[in-house]
>>> print(open('work25.txt').read())   # compact mmCIF, N, CA and C atoms
# COMPACT_ATOMS: atom_id res chain seq x y z
N MET A 1 -34.10 35.94 -39.38
CA MET A 1 -33.06 35.25 -40.09
C MET A 1 -33.72 34.12 -40.88
N THR A 2 -33.48 34.12 -42.17
CA THR A 2 -34.11 33.10 -43.02
C THR A 2 -33.38 31.77 -42.87
N ARG A 3 -34.02 30.76 -43.39
CA ARG A 3 -33.43 29.42 -43.30
C ARG A 3 -32.12 29.35 -44.09
N ARG A 4 -32.08 30.02 -45.22
CA ARG A 4 -30.88 30.02 -46.05
C ARG A 4 -29.72 30.72 -45.33
N THR A 5 -29.99 31.80 -44.65
CA THR A 5 -28.96 32.52 -43.91
C THR A 5 -28.44 31.67 -42.76
N ARG A 6 -29.36 31.01 -42.04
CA ARG A 6 -28.93 30.12 -40.96
C ARG A 6 -28.04 29.00 -41.48
N MET A 7 -28.39 28.46 -42.66
CA MET A 7 -27.59 27.38 -43.25
C MET A 7 -26.19 27.89 -43.60
N ARG A 8 -26.11 29.09 -44.16
CA ARG A 8 -24.81 29.66 -44.52
C ARG A 8 -23.96 29.90 -43.28
N VAL A 9 -24.57 30.38 -42.22
CA VAL A 9 -23.83 30.62 -40.98
C VAL A 9 -23.34 29.30 -40.40
N ALA A 10 -24.18 28.27 -40.42
CA ALA A 10 -23.78 26.97 -39.89
C ALA A 10 -22.65 26.35 -40.71
N VAL A 11 -22.75 26.44 -42.02
CA VAL A 11 -21.69 25.89 -42.88
C VAL A 11 -20.41 26.68 -42.70
N GLY A 12 -20.53 27.99 -42.63
CA GLY A 12 -19.35 28.83 -42.41
C GLY A 12 -18.68 28.52 -41.09
N GLY A 13 -19.45 28.30 -40.06
CA GLY A 13 -18.88 27.96 -38.76
C GLY A 13 -18.20 26.60 -38.79
N ALA A 14 -18.80 25.64 -39.48
CA ALA A 14 -18.20 24.31 -39.58
C ALA A 14 -16.89 24.37 -40.35
N VAL A 15 -16.86 25.14 -41.42
CA VAL A 15 -15.63 25.29 -42.20
C VAL A 15 -14.56 25.98 -41.37
N ALA A 16 -14.93 27.01 -40.65
CA ALA A 16 -13.96 27.72 -39.81
C ALA A 16 -13.41 26.80 -38.72
N ALA A 17 -14.26 25.98 -38.12
CA ALA A 17 -13.79 25.04 -37.10
C ALA A 17 -12.85 24.00 -37.68
N ALA A 18 -13.19 23.49 -38.85
CA ALA A 18 -12.33 22.49 -39.49
C ALA A 18 -10.99 23.09 -39.87
N LEU A 19 -10.99 24.31 -40.38
CA LEU A 19 -9.73 24.97 -40.73
C LEU A 19 -8.88 25.24 -39.50
N SER A 20 -9.50 25.62 -38.40
CA SER A 20 -8.72 25.89 -37.20
C SER A 20 -8.07 24.62 -36.66
N VAL A 21 -8.77 23.48 -36.79
CA VAL A 21 -8.19 22.22 -36.35
C VAL A 21 -7.03 21.82 -37.26
N VAL A 22 -7.21 21.96 -38.56
CA VAL A 22 -6.17 21.57 -39.51
C VAL A 22 -4.96 22.48 -39.39
N LEU A 23 -5.18 23.77 -39.28
CA LEU A 23 -4.06 24.71 -39.25
C LEU A 23 -3.33 24.72 -37.92
N SER A 24 -3.98 24.27 -36.86
CA SER A 24 -3.32 24.28 -35.56
C SER A 24 -2.56 22.99 -35.27
N ALA A 25 -2.58 22.03 -36.20
CA ALA A 25 -1.84 20.78 -35.99
C ALA A 25 -0.35 21.07 -35.96
N GLU A 26 0.32 20.48 -35.02
CA GLU A 26 1.76 20.72 -34.89
C GLU A 26 2.52 19.91 -35.92
N PRO A 27 3.62 20.47 -36.45
CA PRO A 27 4.38 19.73 -37.45
C PRO A 27 5.03 18.47 -36.89
N VAL A 28 5.22 18.39 -35.59
CA VAL A 28 5.82 17.20 -35.00
C VAL A 28 4.91 15.99 -35.23
N LEU A 29 3.61 16.19 -35.17
CA LEU A 29 2.68 15.09 -35.37
C LEU A 29 2.60 14.66 -36.82
N ALA A 30 3.02 15.54 -37.75
CA ALA A 30 2.90 15.24 -39.17
C ALA A 30 4.13 14.54 -39.73
N GLN A 31 5.19 14.39 -38.95
CA GLN A 31 6.40 13.78 -39.48
C GLN A 31 6.25 12.26 -39.50
N VAL A 32 6.53 11.69 -40.66
CA VAL A 32 6.42 10.24 -40.85
C VAL A 32 7.84 9.68 -40.91
N PRO A 33 8.10 8.56 -40.24
CA PRO A 33 9.45 7.99 -40.31
C PRO A 33 9.80 7.56 -41.73
N ASN A 34 11.06 7.74 -42.11
CA ASN A 34 11.51 7.41 -43.44
C ASN A 34 12.70 6.46 -43.33
N PRO A 35 12.45 5.15 -43.23
CA PRO A 35 13.58 4.21 -43.08
C PRO A 35 14.37 4.11 -44.39
N ALA A 36 15.61 3.70 -44.27
CA ALA A 36 16.47 3.54 -45.45
C ALA A 36 15.98 2.35 -46.29
N PRO A 37 16.16 2.42 -47.62
CA PRO A 37 15.73 1.31 -48.47
C PRO A 37 16.51 0.04 -48.15
N ASP A 38 15.81 -1.09 -48.18
CA ASP A 38 16.43 -2.37 -47.87
C ASP A 38 16.12 -3.32 -49.02
N SER A 39 17.14 -3.83 -49.68
CA SER A 39 16.92 -4.70 -50.84
C SER A 39 16.86 -6.17 -50.47
N SER A 40 16.80 -6.50 -49.20
CA SER A 40 16.77 -7.90 -48.79
C SER A 40 15.35 -8.44 -48.64
N LEU A 41 14.41 -7.82 -49.30
CA LEU A 41 13.02 -8.26 -49.22
C LEU A 41 12.85 -9.62 -49.89
N PRO A 42 12.30 -10.60 -49.19
CA PRO A 42 12.08 -11.89 -49.84
C PRO A 42 11.00 -11.76 -50.92
N GLY A 43 11.28 -12.32 -52.08
CA GLY A 43 10.32 -12.25 -53.17
C GLY A 43 10.42 -10.98 -54.00
N SER A 44 11.51 -10.23 -53.85
CA SER A 44 11.62 -8.99 -54.60
C SER A 44 11.70 -9.23 -56.10
N SER A 45 12.26 -10.35 -56.52
CA SER A 45 12.31 -10.64 -57.96
C SER A 45 10.90 -10.91 -58.49
N LEU A 46 10.05 -11.55 -57.69
CA LEU A 46 8.67 -11.79 -58.11
C LEU A 46 7.90 -10.47 -58.22
N ILE A 47 8.13 -9.58 -57.27
CA ILE A 47 7.47 -8.27 -57.31
C ILE A 47 7.88 -7.51 -58.57
N THR A 48 9.17 -7.55 -58.90
CA THR A 48 9.66 -6.89 -60.10
C THR A 48 9.03 -7.51 -61.35
N GLN A 49 8.88 -8.83 -61.37
CA GLN A 49 8.28 -9.50 -62.51
C GLN A 49 6.80 -9.12 -62.65
N VAL A 50 6.08 -9.07 -61.55
CA VAL A 50 4.66 -8.69 -61.59
C VAL A 50 4.50 -7.25 -62.06
N LEU A 51 5.38 -6.36 -61.60
CA LEU A 51 5.32 -4.98 -62.07
C LEU A 51 5.58 -4.88 -63.57
N GLY A 52 6.49 -5.72 -64.08
CA GLY A 52 6.72 -5.76 -65.53
C GLY A 52 5.49 -6.22 -66.28
N TRP A 53 4.80 -7.23 -65.75
CA TRP A 53 3.57 -7.70 -66.38
C TRP A 53 2.50 -6.60 -66.38
N LEU A 54 2.38 -5.88 -65.26
CA LEU A 54 1.40 -4.80 -65.19
C LEU A 54 1.71 -3.70 -66.19
N LYS A 55 2.99 -3.39 -66.35
CA LYS A 55 3.39 -2.37 -67.33
C LYS A 55 3.02 -2.82 -68.74
N TYR A 56 3.31 -4.08 -69.06
CA TYR A 56 2.96 -4.63 -70.37
C TYR A 56 1.44 -4.60 -70.57
N GLY A 57 0.69 -4.99 -69.55
CA GLY A 57 -0.77 -4.99 -69.65
C GLY A 57 -1.34 -3.59 -69.84
N ALA A 58 -0.74 -2.60 -69.16
CA ALA A 58 -1.23 -1.22 -69.30
C ALA A 58 -0.98 -0.70 -70.71
N ILE A 59 0.19 -1.00 -71.25
CA ILE A 59 0.49 -0.53 -72.61
C ILE A 59 -0.40 -1.26 -73.62
N ALA A 60 -0.63 -2.56 -73.42
CA ALA A 60 -1.51 -3.31 -74.32
C ALA A 60 -2.94 -2.77 -74.26
N ALA A 61 -3.41 -2.42 -73.07
CA ALA A 61 -4.76 -1.86 -72.94
C ALA A 61 -4.85 -0.50 -73.62
N ALA A 62 -3.79 0.30 -73.52
CA ALA A 62 -3.79 1.61 -74.17
C ALA A 62 -3.83 1.45 -75.69
N VAL A 63 -3.07 0.53 -76.23
CA VAL A 63 -3.08 0.29 -77.67
C VAL A 63 -4.44 -0.24 -78.11
N ALA A 64 -5.03 -1.14 -77.34
CA ALA A 64 -6.36 -1.65 -77.67
C ALA A 64 -7.39 -0.53 -77.66
N GLY A 65 -7.29 0.38 -76.70
CA GLY A 65 -8.21 1.52 -76.66
C GLY A 65 -8.04 2.43 -77.87
N LEU A 66 -6.80 2.64 -78.28
CA LEU A 66 -6.55 3.45 -79.46
C LEU A 66 -7.13 2.79 -80.72
N LEU A 67 -6.92 1.49 -80.86
CA LEU A 67 -7.45 0.79 -82.03
C LEU A 67 -8.98 0.78 -82.03
N ALA A 68 -9.58 0.49 -80.90
CA ALA A 68 -11.05 0.46 -80.81
C ALA A 68 -11.63 1.85 -81.09
N GLY A 69 -10.97 2.87 -80.55
CA GLY A 69 -11.45 4.24 -80.79
C GLY A 69 -11.32 4.64 -82.24
N GLY A 70 -10.21 4.27 -82.86
CA GLY A 70 -10.04 4.59 -84.29
C GLY A 70 -11.07 3.89 -85.16
N ILE A 71 -11.33 2.62 -84.86
CA ILE A 71 -12.33 1.88 -85.64
C ILE A 71 -13.71 2.47 -85.44
N ALA A 72 -14.07 2.75 -84.18
CA ALA A 72 -15.41 3.31 -83.90
C ALA A 72 -15.58 4.69 -84.52
N THR A 73 -14.53 5.50 -84.50
CA THR A 73 -14.62 6.82 -85.11
C THR A 73 -14.80 6.71 -86.62
N GLY A 74 -14.04 5.80 -87.23
CA GLY A 74 -14.17 5.62 -88.68
C GLY A 74 -15.54 5.09 -89.08
N VAL A 75 -16.03 4.10 -88.35
CA VAL A 75 -17.35 3.54 -88.66
C VAL A 75 -18.43 4.60 -88.45
N GLY A 76 -18.32 5.37 -87.37
CA GLY A 76 -19.31 6.40 -87.10
C GLY A 76 -19.26 7.52 -88.13
N HIS A 77 -18.07 7.88 -88.56
CA HIS A 77 -17.94 8.97 -89.55
C HIS A 77 -18.51 8.55 -90.90
N PHE A 78 -18.06 7.39 -91.38
CA PHE A 78 -18.49 6.98 -92.72
C PHE A 78 -19.91 6.43 -92.73
N GLY A 79 -20.42 6.05 -91.57
CA GLY A 79 -21.80 5.58 -91.49
C GLY A 79 -22.77 6.66 -91.07
N SER A 80 -22.29 7.89 -90.97
CA SER A 80 -23.12 9.04 -90.55
C SER A 80 -23.80 8.79 -89.20
N ASN A 81 -23.05 8.20 -88.29
CA ASN A 81 -23.58 7.91 -86.96
C ASN A 81 -22.77 8.74 -85.95
N TYR A 82 -23.35 9.86 -85.53
CA TYR A 82 -22.65 10.76 -84.63
C TYR A 82 -22.33 10.10 -83.30
N SER A 83 -23.23 9.25 -82.81
CA SER A 83 -23.03 8.61 -81.52
C SER A 83 -21.79 7.71 -81.53
N ALA A 84 -21.63 6.92 -82.58
CA ALA A 84 -20.47 6.04 -82.67
C ALA A 84 -19.18 6.86 -82.83
N ALA A 85 -19.23 7.91 -83.61
CA ALA A 85 -18.04 8.74 -83.79
C ALA A 85 -17.65 9.43 -82.49
N SER A 86 -18.64 9.88 -81.73
CA SER A 86 -18.37 10.53 -80.45
C SER A 86 -17.78 9.54 -79.45
N ALA A 87 -18.33 8.35 -79.40
CA ALA A 87 -17.79 7.33 -78.50
C ALA A 87 -16.38 6.95 -78.92
N GLY A 88 -16.12 6.89 -80.22
CA GLY A 88 -14.78 6.57 -80.71
C GLY A 88 -13.76 7.61 -80.31
N ARG A 89 -14.16 8.87 -80.36
CA ARG A 89 -13.24 9.94 -79.93
C ARG A 89 -12.93 9.83 -78.45
N LYS A 90 -13.91 9.45 -77.65
CA LYS A 90 -13.66 9.26 -76.21
C LYS A 90 -12.69 8.11 -75.98
N TRP A 91 -12.84 7.02 -76.74
CA TRP A 91 -11.92 5.89 -76.62
C TRP A 91 -10.52 6.30 -77.04
N LEU A 92 -10.42 7.13 -78.10
CA LEU A 92 -9.10 7.60 -78.53
C LEU A 92 -8.44 8.44 -77.44
N LEU A 93 -9.18 9.35 -76.87
CA LEU A 93 -8.61 10.18 -75.79
C LEU A 93 -8.25 9.34 -74.58
N GLY A 94 -9.06 8.35 -74.26
CA GLY A 94 -8.73 7.45 -73.16
C GLY A 94 -7.48 6.64 -73.43
N GLY A 95 -7.33 6.17 -74.66
CA GLY A 95 -6.14 5.42 -75.02
C GLY A 95 -4.89 6.27 -74.98
N ILE A 96 -5.01 7.52 -75.43
CA ILE A 96 -3.86 8.43 -75.38
C ILE A 96 -3.48 8.70 -73.93
N GLY A 97 -4.48 8.96 -73.09
CA GLY A 97 -4.21 9.22 -71.67
C GLY A 97 -3.59 8.01 -70.98
N ALA A 98 -4.11 6.83 -71.29
CA ALA A 98 -3.57 5.61 -70.67
C ALA A 98 -2.14 5.36 -71.12
N ALA A 99 -1.84 5.61 -72.40
CA ALA A 99 -0.48 5.43 -72.89
C ALA A 99 0.47 6.43 -72.23
N MET A 100 0.01 7.66 -72.04
CA MET A 100 0.85 8.66 -71.38
C MET A 100 1.13 8.27 -69.93
N ILE A 101 0.12 7.84 -69.21
CA ILE A 101 0.31 7.46 -67.80
C ILE A 101 1.18 6.22 -67.70
N ALA A 102 0.98 5.23 -68.58
CA ALA A 102 1.80 4.02 -68.54
C ALA A 102 3.25 4.35 -68.87
N GLY A 103 3.47 5.25 -69.81
CA GLY A 103 4.83 5.62 -70.17
C GLY A 103 5.52 6.44 -69.11
N LEU A 104 4.77 7.26 -68.40
CA LEU A 104 5.35 8.14 -67.38
C LEU A 104 5.27 7.56 -65.97
N ALA A 105 4.79 6.33 -65.81
CA ALA A 105 4.59 5.77 -64.48
C ALA A 105 5.89 5.72 -63.68
N HIS A 106 6.96 5.30 -64.30
CA HIS A 106 8.24 5.22 -63.58
C HIS A 106 8.72 6.61 -63.17
N THR A 107 8.61 7.57 -64.07
CA THR A 107 9.03 8.94 -63.75
C THR A 107 8.18 9.52 -62.63
N ILE A 108 6.88 9.30 -62.68
CA ILE A 108 5.99 9.82 -61.63
C ILE A 108 6.33 9.17 -60.29
N ALA A 109 6.54 7.86 -60.29
CA ALA A 109 6.82 7.15 -59.03
C ALA A 109 8.15 7.61 -58.44
N THR A 110 9.20 7.75 -59.24
CA THR A 110 10.48 8.18 -58.70
C THR A 110 10.44 9.64 -58.25
N THR A 111 9.68 10.47 -58.94
CA THR A 111 9.55 11.87 -58.52
C THR A 111 8.83 11.97 -57.19
N VAL A 112 7.77 11.23 -57.01
CA VAL A 112 7.04 11.25 -55.75
C VAL A 112 7.88 10.66 -54.63
N TYR A 113 8.62 9.60 -54.92
CA TYR A 113 9.44 8.95 -53.90
C TYR A 113 10.59 9.86 -53.47
N ASN A 114 11.19 10.57 -54.41
CA ASN A 114 12.33 11.44 -54.10
C ASN A 114 11.93 12.84 -53.66
N ALA A 115 10.64 13.13 -53.53
CA ALA A 115 10.17 14.46 -53.19
C ALA A 115 10.31 14.76 -51.70
N THR A 116 10.74 13.80 -50.90
CA THR A 116 10.81 14.03 -49.46
C THR A 116 12.01 14.83 -49.07
>>> encode(input="work25.txt", output="structure tokens")
Amino acid sequence: MTRRTRMRVAVGGAVAAALSVVLSAEPVLAQVPNPAPDSSLPGSSLITQVLGWLKYGAIAAAVAGLLAGGIATGVGHFGSNYSAASAGRKWLLGGIGAAMIAGLAHTIATTVYNAT
């Protein structure tokens, strides 16, 4: 038996053991308590205000990424600098992704919360 074969057998055995432990877990142990929502949390208005600031900051960062990416792409294109144009395209894609996530954050959070 070669060393490579022994390694495959050992890894296969470890994976099989891990799967048997995971699959044999009882559903009773996996249930998490779900208390009813309580709006009497002290400081809830402050938490709401901080979340608003974070939302504003995320959208501002996304717009800044879009502007920086557009400028870098333009400078790289007209200056015949492939590296700058490539970096600018990455910034543009990052800004688009950040704007999408910031815009969909509330929908994602409510979908995950209501998925129980």
>>> atom_distance(input="work25.txt", atom1="CA of Thr73 (chain A)", atom2="CA of Ile101 (chain A)")
22.9 Å
>>> atom_distance(input="work25.txt", atom1="atom C of Leu51 (chain A)", atom2="CA of Leu67 (chain A)")
23.3 Å
>>> atom_distance(input="work25.txt", atom1="CA of Gly97 (chain A)", atom2="atom N of Gly65 (chain A)")
10.6 Å
>>> closest_residue(input="work25.txt", among="A:Arg89, A:Arg3, A:His106, A:Lys55", to="Val75 (chain A)", atoms="only C-alpha atoms")
A:Arg89
>>> axis_aligned_box(input="work25.txt", around="region 38-54 of chain A", padding_each_side="6 Å", output="lines of an AutoDock Vina configuration file")
center_x = 9.3
center_y = -6.7
center_z = -57.1
size_x = 27.7
size_y = 23.2
size_z = 30.5
>>> select_by_dssp(input="work25.txt", residues="chain A", states="helix (DSSP H, G or I)", output="PyMOL selection string")
chain A and resi 3-23+27-30+44-78+82-113
>>> closest_residue(input="work25.txt", among="A:Ala10, A:Val15, A:Ala85, A:Ala58", to="Gly103 (chain A)", atoms="all atoms listed in the file")
A:Ala58
>>> closest_residue(input="work25.txt", among="A:Gly69, A:Gly74, A:Gly79, A:Gly57", to="Trp91 (chain A)", atoms="all atoms listed in the file")
A:Gly69
